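Coordinates as given in coords-v3.txt (compact mmCIF, C-alpha atoms):
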```txt
# COMPACT_ATOMS: atom_id res chain seq x y z
CA MET A 21 -14.96 -6.59 -18.24
CA GLY A 22 -12.19 -8.34 -20.16
CA ILE A 23 -8.86 -9.63 -18.95
CA VAL A 24 -7.26 -7.92 -15.97
CA ALA A 25 -3.49 -7.81 -15.43
CA VAL A 26 -2.25 -7.64 -11.85
CA THR A 27 1.24 -6.42 -10.99
CA GLY A 28 2.88 -7.20 -7.66
CA ALA A 29 1.09 -10.54 -7.72
CA THR A 30 3.36 -12.15 -5.12
CA GLY A 31 2.91 -9.26 -2.68
CA GLN A 32 0.37 -8.60 0.04
CA VAL A 33 -2.11 -6.68 -2.10
CA GLY A 34 -1.56 -8.24 -5.53
CA SER A 35 -1.84 -11.81 -4.26
CA ARG A 36 -5.11 -11.01 -2.51
CA VAL A 37 -6.51 -9.30 -5.60
CA SER A 38 -5.67 -12.35 -7.71
CA ALA A 39 -7.29 -14.70 -5.20
CA ARG A 40 -10.47 -12.62 -5.18
CA LEU A 41 -10.64 -12.44 -8.96
CA SER A 42 -10.31 -16.22 -9.09
CA ALA A 43 -13.01 -16.67 -6.46
CA LYS A 44 -15.33 -14.54 -8.60
CA GLY A 45 -14.53 -16.57 -11.71
CA MET A 46 -12.78 -13.64 -13.40
CA ARG A 47 -9.99 -14.35 -15.88
CA HIS A 48 -6.81 -12.42 -15.20
CA ARG A 49 -3.09 -12.34 -15.82
CA VAL A 50 -0.53 -12.01 -13.04
CA LEU A 51 2.92 -10.55 -13.60
CA ALA A 52 5.89 -11.97 -11.76
CA ARG A 53 9.66 -11.76 -11.82
CA HIS A 54 9.66 -15.25 -10.33
CA PRO A 55 6.78 -16.96 -12.14
CA GLY A 56 7.55 -20.29 -10.50
CA ARG A 57 6.02 -18.92 -7.31
CA LEU A 58 2.62 -18.61 -8.97
CA LEU A 59 0.29 -21.30 -10.27
CA ALA A 60 -1.50 -20.93 -13.59
CA SER A 61 -5.08 -22.16 -13.92
CA ASP A 62 -8.08 -21.86 -16.19
CA LEU A 63 -8.61 -18.38 -14.74
CA VAL A 64 -5.01 -17.29 -14.11
CA GLU A 65 -2.33 -16.70 -16.71
CA VAL A 66 1.22 -16.13 -15.45
CA ALA A 67 3.36 -13.64 -17.36
CA ALA A 68 7.07 -13.35 -16.64
CA PHE A 69 8.79 -9.96 -16.73
CA GLU A 70 11.98 -8.52 -15.33
CA GLY A 71 10.49 -5.73 -13.27
CA TYR A 72 8.83 -2.33 -13.58
CA ASP A 73 11.67 -1.09 -15.79
CA ASP A 74 11.16 -3.92 -18.32
CA GLU A 75 9.05 -2.07 -20.90
CA ALA A 76 9.17 -4.85 -23.49
CA GLY A 77 8.16 -7.44 -20.92
CA LEU A 78 5.37 -5.20 -19.67
CA ARG A 79 4.03 -4.59 -23.16
CA ALA A 80 3.94 -8.31 -23.82
CA ALA A 81 2.23 -8.97 -20.50
CA PHE A 82 -0.37 -6.26 -21.17
CA ALA A 83 -1.22 -7.46 -24.69
CA GLY A 84 -4.96 -8.11 -24.93
CA VAL A 85 -5.57 -6.72 -21.44
CA ASP A 86 -8.38 -4.26 -20.69
CA ASP A 87 -7.52 -3.29 -17.11
CA VAL A 88 -4.23 -3.15 -15.21
CA VAL A 89 -4.02 -3.21 -11.43
CA LEU A 90 -0.85 -1.26 -10.75
CA VAL A 91 0.38 -2.10 -7.28
CA SER A 92 3.04 0.54 -6.65
CA ALA A 93 6.64 -0.53 -6.96
CA HIS A 94 8.66 -1.09 -3.83
CA GLU A 95 10.29 2.08 -2.51
CA HIS A 96 13.01 3.11 -4.93
CA PRO A 97 14.97 6.31 -5.61
CA ASP A 98 13.33 6.48 -9.07
CA ARG A 99 9.95 4.94 -8.35
CA ILE A 100 8.30 7.61 -10.51
CA GLY A 101 10.43 6.48 -13.45
CA LEU A 102 9.46 2.86 -12.85
CA HIS A 103 5.79 3.78 -12.79
CA ARG A 104 6.21 5.86 -15.94
CA THR A 105 7.47 2.76 -17.74
CA VAL A 106 4.41 0.79 -16.62
CA VAL A 107 2.01 3.53 -17.72
CA GLU A 108 3.73 3.92 -21.08
CA ALA A 109 3.68 0.16 -21.64
CA ALA A 110 -0.02 0.02 -20.77
CA THR A 111 -0.77 2.84 -23.19
CA ALA A 112 1.25 1.22 -25.98
CA ALA A 113 -0.46 -2.13 -25.41
CA GLY A 114 -3.94 -0.63 -25.75
CA VAL A 115 -4.99 -1.03 -22.12
CA GLN A 116 -8.22 0.83 -21.34
CA ARG A 117 -7.84 1.56 -17.63
CA VAL A 118 -5.34 1.46 -14.78
CA VAL A 119 -6.40 0.94 -11.17
CA TYR A 120 -3.51 2.32 -9.16
CA VAL A 121 -2.76 1.56 -5.51
CA SER A 122 -1.71 5.02 -4.36
CA PHE A 123 -1.25 6.53 -0.89
CA LEU A 124 -3.33 8.67 1.41
CA GLY A 125 -2.57 12.36 1.18
CA ALA A 126 -0.66 12.04 -2.08
CA ALA A 127 0.55 15.53 -2.98
CA PRO A 128 3.63 17.17 -4.49
CA ASP A 129 4.51 18.67 -1.11
CA ALA A 130 3.33 15.84 1.14
CA THR A 131 5.26 15.50 4.38
CA PHE A 132 5.59 11.75 3.81
CA THR A 133 8.20 11.71 1.06
CA TYR A 134 6.93 8.51 -0.56
CA ALA A 135 3.46 10.08 -0.93
CA ARG A 136 5.02 12.56 -3.35
CA ASP A 137 5.94 9.66 -5.65
CA HIS A 138 2.31 8.58 -5.63
CA TRP A 139 1.09 12.05 -6.56
CA HIS A 140 3.50 12.21 -9.49
CA THR A 141 2.32 8.77 -10.62
CA GLU A 142 -1.25 9.98 -10.54
CA GLN A 143 -0.17 12.86 -12.78
CA LEU A 144 1.32 10.36 -15.22
CA LEU A 145 -2.05 8.64 -15.35
CA ARG A 146 -3.87 11.95 -15.85
CA GLU A 147 -1.62 12.75 -18.80
CA SER A 148 -1.71 9.25 -20.33
CA GLY A 149 -5.13 9.38 -21.96
CA LEU A 150 -6.08 6.19 -20.11
CA ALA A 151 -9.07 5.85 -17.84
CA TRP A 152 -7.75 5.48 -14.31
CA VAL A 153 -8.63 4.99 -10.68
CA ALA A 154 -6.37 5.99 -7.79
CA LEU A 155 -7.07 4.25 -4.50
CA ARG A 156 -5.18 6.18 -1.83
CA ASP A 157 -4.53 3.68 0.92
CA SER A 158 -3.60 4.56 4.48
CA LEU A 159 -0.80 2.79 6.31
CA TYR A 160 -1.47 -0.92 6.75
CA HIS A 161 -2.51 -2.57 10.00
CA ALA A 162 0.18 -5.18 9.38
CA GLY A 163 2.91 -2.56 9.63
CA TRP A 164 2.48 -1.72 13.30
CA PRO A 165 3.76 -5.01 14.80
CA LEU A 166 6.78 -4.76 12.48
CA PHE A 167 7.58 -1.22 13.62
CA VAL A 168 7.89 -2.26 17.28
CA GLY A 169 11.51 -2.57 18.39
CA ASP A 170 13.12 -5.32 20.44
CA ASP A 171 12.66 -3.12 23.51
CA ASP A 172 8.86 -3.24 23.13
CA THR A 173 8.64 0.36 21.98
CA LEU A 174 7.28 2.10 18.92
CA ARG A 175 9.48 5.14 18.38
CA GLY A 176 9.01 8.10 16.08
CA PRO A 177 8.20 11.81 15.85
CA GLY A 178 4.45 11.26 15.52
CA ASP A 179 3.43 13.42 18.51
CA ASP A 180 -0.32 13.12 19.17
CA GLY A 181 -1.26 12.69 15.52
CA ARG A 182 -3.76 10.09 14.38
CA VAL A 183 -3.89 7.57 11.56
CA ALA A 184 -6.66 5.23 10.40
CA SER A 185 -4.62 2.28 9.20
CA VAL A 186 -6.30 -0.28 6.96
CA ALA A 187 -6.24 -4.03 6.36
CA HIS A 188 -4.67 -5.48 3.21
CA ASP A 189 -7.84 -7.54 2.78
CA ASP A 190 -9.98 -4.42 2.69
CA VAL A 191 -7.73 -2.81 0.12
CA ALA A 192 -7.88 -5.90 -2.10
CA ASP A 193 -11.68 -5.96 -1.85
CA VAL A 194 -11.84 -2.29 -2.83
CA VAL A 195 -9.56 -2.90 -5.83
CA VAL A 196 -11.79 -5.70 -7.09
CA SER A 197 -14.90 -3.62 -6.53
CA ALA A 198 -13.34 -0.75 -8.46
CA LEU A 199 -12.58 -3.10 -11.34
CA ARG A 200 -16.23 -4.03 -11.56
CA ILE A 201 -17.28 -0.39 -12.07
CA GLY A 202 -17.66 0.64 -15.71
CA VAL A 203 -14.61 2.30 -17.26
CA GLY A 204 -16.28 5.39 -18.69
CA SER A 205 -18.09 6.31 -15.49
CA ARG A 206 -14.98 6.33 -13.37
CA GLU A 207 -12.29 8.08 -15.39
CA GLY A 208 -9.99 9.96 -13.06
CA TYR A 209 -11.66 8.47 -9.97
CA VAL A 210 -9.80 9.07 -6.68
CA ARG A 211 -10.82 7.54 -3.34
CA ASP A 212 -9.16 7.44 0.06
CA VAL A 213 -9.08 3.95 1.59
CA THR A 214 -8.78 3.82 5.38
CA GLY A 215 -9.75 1.85 8.39
CA PRO A 216 -12.80 2.85 10.48
CA GLN A 217 -11.00 4.68 13.28
CA ALA A 218 -8.11 7.13 13.49
CA LEU A 219 -5.82 6.17 16.37
CA THR A 220 -2.98 7.95 18.11
CA LEU A 221 0.25 5.99 18.35
CA ASP A 222 -0.40 5.56 22.09
CA GLU A 223 -3.72 3.93 21.17
CA VAL A 224 -2.01 1.73 18.57
CA CYS A 225 0.37 0.53 21.27
CA SER A 226 -2.46 -0.02 23.76
CA GLN A 227 -4.22 -2.29 21.29
CA LEU A 228 -0.99 -4.16 20.55
CA SER A 229 -0.45 -4.57 24.29
CA ALA A 230 -3.93 -5.98 24.80
CA ALA A 231 -3.43 -8.43 21.96
CA ILE A 232 -0.17 -9.91 23.27
CA GLY A 233 -0.63 -9.45 27.02
CA ARG A 234 2.51 -7.39 27.43
CA THR A 235 3.07 -3.64 27.45
CA ILE A 236 4.08 -2.03 24.18
CA SER A 237 4.84 1.68 24.58
CA TYR A 238 4.97 4.61 22.23
CA VAL A 239 8.08 6.74 22.71
CA PRO A 240 7.91 10.12 20.96
CA GLU A 241 11.14 11.17 19.31
CA THR A 242 12.33 14.48 17.93
CA VAL A 243 13.15 14.45 14.23
CA ASP A 244 16.88 14.47 15.06
CA GLU A 245 16.42 11.56 17.45
CA ALA A 246 14.48 9.64 14.80
CA TYR A 247 17.29 9.99 12.27
CA ALA A 248 19.88 9.02 14.88
CA SER A 249 17.97 5.92 16.02
CA ARG A 250 17.67 4.69 12.43
CA ALA A 251 21.26 5.40 11.42
CA ARG A 252 22.34 1.93 12.56
CA TYR A 253 20.53 0.33 9.62
CA GLY A 254 22.90 1.94 7.13
CA ALA A 255 20.06 2.70 4.70
CA ALA A 256 20.26 5.31 1.96
CA ASP A 257 19.28 8.86 2.87
CA TRP A 258 16.13 8.80 0.72
CA GLU A 259 14.95 5.64 2.45
CA VAL A 260 15.51 6.98 5.95
CA ASP A 261 13.70 10.17 4.92
CA GLY A 262 10.71 7.98 4.06
CA TRP A 263 10.82 6.15 7.39
CA VAL A 264 11.01 9.31 9.46
CA SER A 265 8.48 11.24 7.43
CA THR A 266 5.92 8.49 8.00
CA TYR A 267 5.77 9.78 11.56
CA THR A 268 6.08 13.49 10.82
CA ALA A 269 3.15 13.13 8.40
CA ILE A 270 1.13 11.65 11.25
CA ALA A 271 2.19 14.52 13.52
CA ALA A 272 1.19 17.03 10.84
CA GLY A 273 -2.32 15.55 10.68
CA GLU A 274 -1.95 14.51 7.05
CA LEU A 275 -3.08 10.93 7.75
CA ASP A 276 -5.85 11.89 10.18
CA MET A 277 -8.83 11.01 8.02
CA VAL A 278 -11.44 8.27 7.99
CA SER A 279 -13.12 7.41 4.72
CA THR A 280 -16.18 5.31 3.94
CA THR A 281 -14.69 3.84 0.76
CA VAL A 282 -14.48 0.26 2.01
CA GLU A 283 -18.14 0.25 2.98
CA ASP A 284 -19.22 2.24 -0.09
CA LEU A 285 -17.57 -0.14 -2.56
CA THR A 286 -17.84 -3.48 -0.77
CA GLY A 287 -21.04 -3.12 1.23
CA ARG A 288 -19.39 -3.95 4.56
CA ALA A 289 -17.51 -2.02 7.20
CA ALA A 290 -13.74 -1.73 7.15
CA GLN A 291 -11.88 -3.90 9.65
CA SER A 292 -10.66 -2.08 12.75
CA PHE A 293 -7.12 -2.50 14.01
CA ALA A 294 -8.34 -4.34 17.11
CA ASP A 295 -10.39 -6.76 15.02
CA TRP A 296 -7.49 -7.26 12.63
CA LEU A 297 -5.21 -8.14 15.56
CA ALA A 298 -7.72 -10.70 16.82
CA ALA A 299 -8.06 -12.24 13.36
CA ASN A 300 -4.33 -12.36 12.59
CA PRO A 301 -2.49 -13.85 15.56
CA ALA A 302 0.40 -14.98 13.33
CA ALA A 303 1.21 -11.31 12.65
CA LEU A 304 2.09 -10.97 16.33
CA SER A 305 4.37 -14.00 16.52
CA ARG A 306 7.56 -11.92 16.58
CA LEU A 307 6.27 -9.85 19.49
CA ARG A 308 5.03 -12.92 21.36
CA HIS A 309 8.34 -14.71 20.92
CA GLY A 310 10.05 -11.65 22.34
CA ALA A 311 8.11 -11.94 25.60
CA ARG A 312 10.34 -11.83 28.65
```

Render the structure in this file as structure tokens.
Amino acid sequence: MGIVAVTGATGQVGSRVSARLSAKGMRHRVLARHPGRLLASDLVEVAAFEGYDDEAGLRAAFAGVDDVVLVSAHEHPDRIGLHRTVVEAATAAGVQRVVYVSFLGAAPDATFTYARDHWHTEQLLRESGLAWVALRDSLYHAGWPLFVGDDDTLRGPGDDGRVASVAHDDVADVVVSALRIGVGSREGYVRDVTGPQALTLDEVCSQLSAAIGRTISYVPETVDEAYASRARYGAADWEVDGWVSTYTAIAAGELDMVSTTVEDLTGRAAQSFADWLAANPAALSRLRHGAR
């Protein structure tokens, strides 16, 4: 395998992928809008670009690169257009393969609105002529503590649906493992990436409660109540649609799946939510500081 380019290198997934590539002695190039936040080394080149809409900057960053790890752009009203620019730049630069961090249940009619963007991005890859891998990640373990409100409740129209959230570390390990698989044998390769257990939102809250020693409760909302409770943030309609549909996708059973991808590609079991909580006490600091 030649040089790998990693987008989103200052984010939760991209930074972990870069660290793992370095630990394995693998040369790679990281892309950053703020390159001063990243350190170059014998194994790491830092390429500056202006963002996922900077086609010239992307082409330059992808020059001489064999594989691109495309960590999806932050939620955006034209995220598909941003991803199209990345794919076109990769094609023009002669990249061989893209490993794309997609989302579980990606489909054109997915309940979770952001998952539709991921499906369309996968179609761009299918049509590009590039070899590609789509790793469809579940929601992240790290999200649950952030979703809890100041009143110690997790609110949303998730009903009794289940979701097998996954650790960022597991996703990064899967990405690196996918990179080490030969290009030709994995063209158009799609895998779901989940944690080891699908939990209801009541069970998520029970595990959060056990971790901090205070009761965190799940409060089911209707869809109308969910929109009303989020109106105070003043976010754009498309963004609120994404927030609310996270929960309606859970209620619809579209995230109720457990895959063996982490174990299949890394040789070890995926980290459970309970184990992740025990290993990441800092992620609970906001909840602990809110103790009354």

message: Which residues are near Ala302 (chain A)? Cut-off 12 Å, all atoms listed in the file, ignore same chain within fewer than 6 positions. Put them as a list in words.
response: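 The filter keeps Ala162, Pro165, Ala231, Ile232, Trp296, Arg308 and His309 of chain A.
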
- prompt: Counting only C-alpha atoms, what is within 12 Å of region 37-44 of chain A, bar same-chain residues fewer than 3 positions away, as an MDAnalysis selection string?
  reply: chainID A and resid 21 23:34 47:51 58:66 88:91 119 121 188:200

field: For CA of Gly163 (chain A) and CA of Gln217 (chain A), the interatomic separation in Å (one decimal)
entry: 16.1 Å

- request: Tell me which protein, DNA and RNA residues are within 8 Å of Thr131 (chain A), counting all atoms listed in the file, leaving out same-chain ones fewer than 6 positions away, and put them as a PyMOL selection string.
  value: chain A and resi 265-266+268-269+272+274

statement: Pairwise distance, CA of Ser305 (chain A) with CA of Ser229 (chain A), equals 13.1 Å

message: Let me make sure I understand: among A:His103, A:Arg175, A:Arg136, A:Arg117, which one has the smallest atom-to-atom distance to Trp152 (chain A) if we use only C-alpha atoms?
response: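 With only C-alpha atoms as the atom set, the closest residue is A:Arg117.
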
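Going from CA of Arg234 (chain A) to CA of Arg252 (chain A) covers 26.5 Å.
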
- request: Excluding Gly84 (chain A) and any residue of its chain fewer than 3 positions from it, enumerate the residues within 9 Å of it, using all atoms listed in the file, and give them as a VMD selection string.
  value: chain A and resid 22 to 23 80 to 81 113 to 115

field: Residue list as a ChimeraX atom specification for point (12.3, -1.0, 23.3), cut-off 10 Å, all atoms listed in the file
entry: /A:168-175,236-239

Trp263 (chain A) surroundings by all atoms listed in the file, 10 Å radius, close-in-sequence under 4 positions cut, as number ranges by chain: A: 132-134, 176, 246-247, 250, 257-259, 267-268

- request: Pick out the closest residue to Val224 (chain A) from this set: A:Phe167, A:Tyr209, A:Phe293, A:Tyr253. Count all atoms listed in the file.
  value: A:Phe293

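Minimum atom-to-atom distances from A:Asp86, A:Asp222, A:Asp73, A:Asp284 to Val118 (chain A) were compared using all atoms listed in the file, and the lowest value belongs to A:Asp86.
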
field: Which residue of A:Glu241, A:Glu75, A:Asp98, A:Asp137 approaches Thr111 (chain A) most closely, using only C-alpha atoms
entry: A:Glu75

- prompt: Do you know which residues lie at most 10 Å from (6.3, 4.9, -15.2), with coordinates as in the file and all atoms listed in the file counted, and could you write them as an NGL selection string?
  reply: :A and (72-73 or 75 or 93 or 98-110 or 140-141 or 144-145)

Place N, CA, C and O atoms on region 89-112 of chain A and deliver the coordinates as a compact mmCIF listing (two decimals), keeping the file's coordinate frame.
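Final output, saved to rebuild_22.txt:
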```
# COMPACT_ATOMS: atom_id res chain seq x y z
N VAL A 89 -4.15 -3.59 -12.84
CA VAL A 89 -4.02 -3.21 -11.43
C VAL A 89 -2.55 -2.93 -11.18
O VAL A 89 -1.72 -3.85 -11.22
N LEU A 90 -2.23 -1.66 -10.99
CA LEU A 90 -0.85 -1.26 -10.75
C LEU A 90 -0.62 -1.12 -9.25
O LEU A 90 -0.98 -0.12 -8.63
N VAL A 91 -0.06 -2.17 -8.67
CA VAL A 91 0.38 -2.10 -7.28
C VAL A 91 1.72 -1.38 -7.30
O VAL A 91 2.63 -1.78 -8.01
N SER A 92 1.84 -0.30 -6.57
CA SER A 92 3.04 0.54 -6.65
C SER A 92 4.30 -0.26 -6.40
O SER A 92 4.32 -1.21 -5.61
N ALA A 93 5.35 0.13 -7.11
CA ALA A 93 6.64 -0.53 -6.96
C ALA A 93 7.16 -0.34 -5.54
O ALA A 93 6.81 0.62 -4.85
N HIS A 94 8.01 -1.24 -5.12
CA HIS A 94 8.66 -1.09 -3.83
C HIS A 94 9.43 0.23 -3.81
O HIS A 94 9.85 0.73 -4.85
N GLU A 95 9.58 0.80 -2.62
CA GLU A 95 10.29 2.08 -2.51
C GLU A 95 11.61 2.03 -3.27
O GLU A 95 12.37 1.07 -3.16
N HIS A 96 11.86 3.09 -4.03
CA HIS A 96 13.01 3.11 -4.93
C HIS A 96 13.35 4.57 -5.19
O HIS A 96 12.45 5.43 -5.22
N PRO A 97 14.64 4.90 -5.38
CA PRO A 97 14.97 6.31 -5.61
C PRO A 97 14.37 6.88 -6.89
O PRO A 97 14.21 8.10 -7.01
N ASP A 98 14.00 6.01 -7.85
CA ASP A 98 13.33 6.48 -9.07
C ASP A 98 12.03 5.72 -9.27
O ASP A 98 11.75 5.20 -10.34
N ARG A 99 11.22 5.67 -8.23
CA ARG A 99 9.95 4.94 -8.35
C ARG A 99 9.05 5.61 -9.38
O ARG A 99 8.29 4.92 -10.07
N ILE A 100 9.12 6.93 -9.50
CA ILE A 100 8.30 7.61 -10.51
C ILE A 100 8.68 7.12 -11.91
O ILE A 100 7.83 6.86 -12.76
N GLY A 101 9.98 6.97 -12.16
CA GLY A 101 10.43 6.48 -13.45
C GLY A 101 9.95 5.06 -13.72
O GLY A 101 9.57 4.73 -14.86
N LEU A 102 9.96 4.23 -12.69
CA LEU A 102 9.46 2.86 -12.85
C LEU A 102 7.97 2.87 -13.21
O LEU A 102 7.52 2.15 -14.10
N HIS A 103 7.22 3.70 -12.51
CA HIS A 103 5.79 3.78 -12.79
C HIS A 103 5.53 4.37 -14.17
O HIS A 103 4.57 3.97 -14.85
N ARG A 104 6.37 5.30 -14.59
CA ARG A 104 6.21 5.86 -15.94
C ARG A 104 6.34 4.76 -16.98
O ARG A 104 5.58 4.72 -17.96
N THR A 105 7.29 3.86 -16.78
CA THR A 105 7.47 2.76 -17.74
C THR A 105 6.23 1.89 -17.79
O THR A 105 5.80 1.46 -18.88
N VAL A 106 5.63 1.61 -16.65
CA VAL A 106 4.41 0.79 -16.62
C VAL A 106 3.28 1.49 -17.36
O VAL A 106 2.57 0.89 -18.18
N VAL A 107 3.09 2.78 -17.08
CA VAL A 107 2.01 3.53 -17.72
C VAL A 107 2.22 3.60 -19.23
O VAL A 107 1.28 3.41 -20.01
N GLU A 108 3.45 3.85 -19.64
CA GLU A 108 3.73 3.92 -21.08
C GLU A 108 3.51 2.56 -21.75
O GLU A 108 2.99 2.49 -22.86
N ALA A 109 3.90 1.50 -21.08
CA ALA A 109 3.68 0.16 -21.64
C ALA A 109 2.19 -0.15 -21.75
O ALA A 109 1.73 -0.74 -22.74
N ALA A 110 1.43 0.26 -20.74
CA ALA A 110 -0.02 0.02 -20.77
C ALA A 110 -0.66 0.79 -21.92
O ALA A 110 -1.51 0.27 -22.65
N THR A 111 -0.23 2.02 -22.11
CA THR A 111 -0.77 2.84 -23.19
C THR A 111 -0.45 2.22 -24.54
O THR A 111 -1.31 2.09 -25.42
N ALA A 112 0.82 1.80 -24.71
CA ALA A 112 1.25 1.22 -25.98
C ALA A 112 0.53 -0.09 -26.28
O ALA A 112 0.30 -0.43 -27.44
```
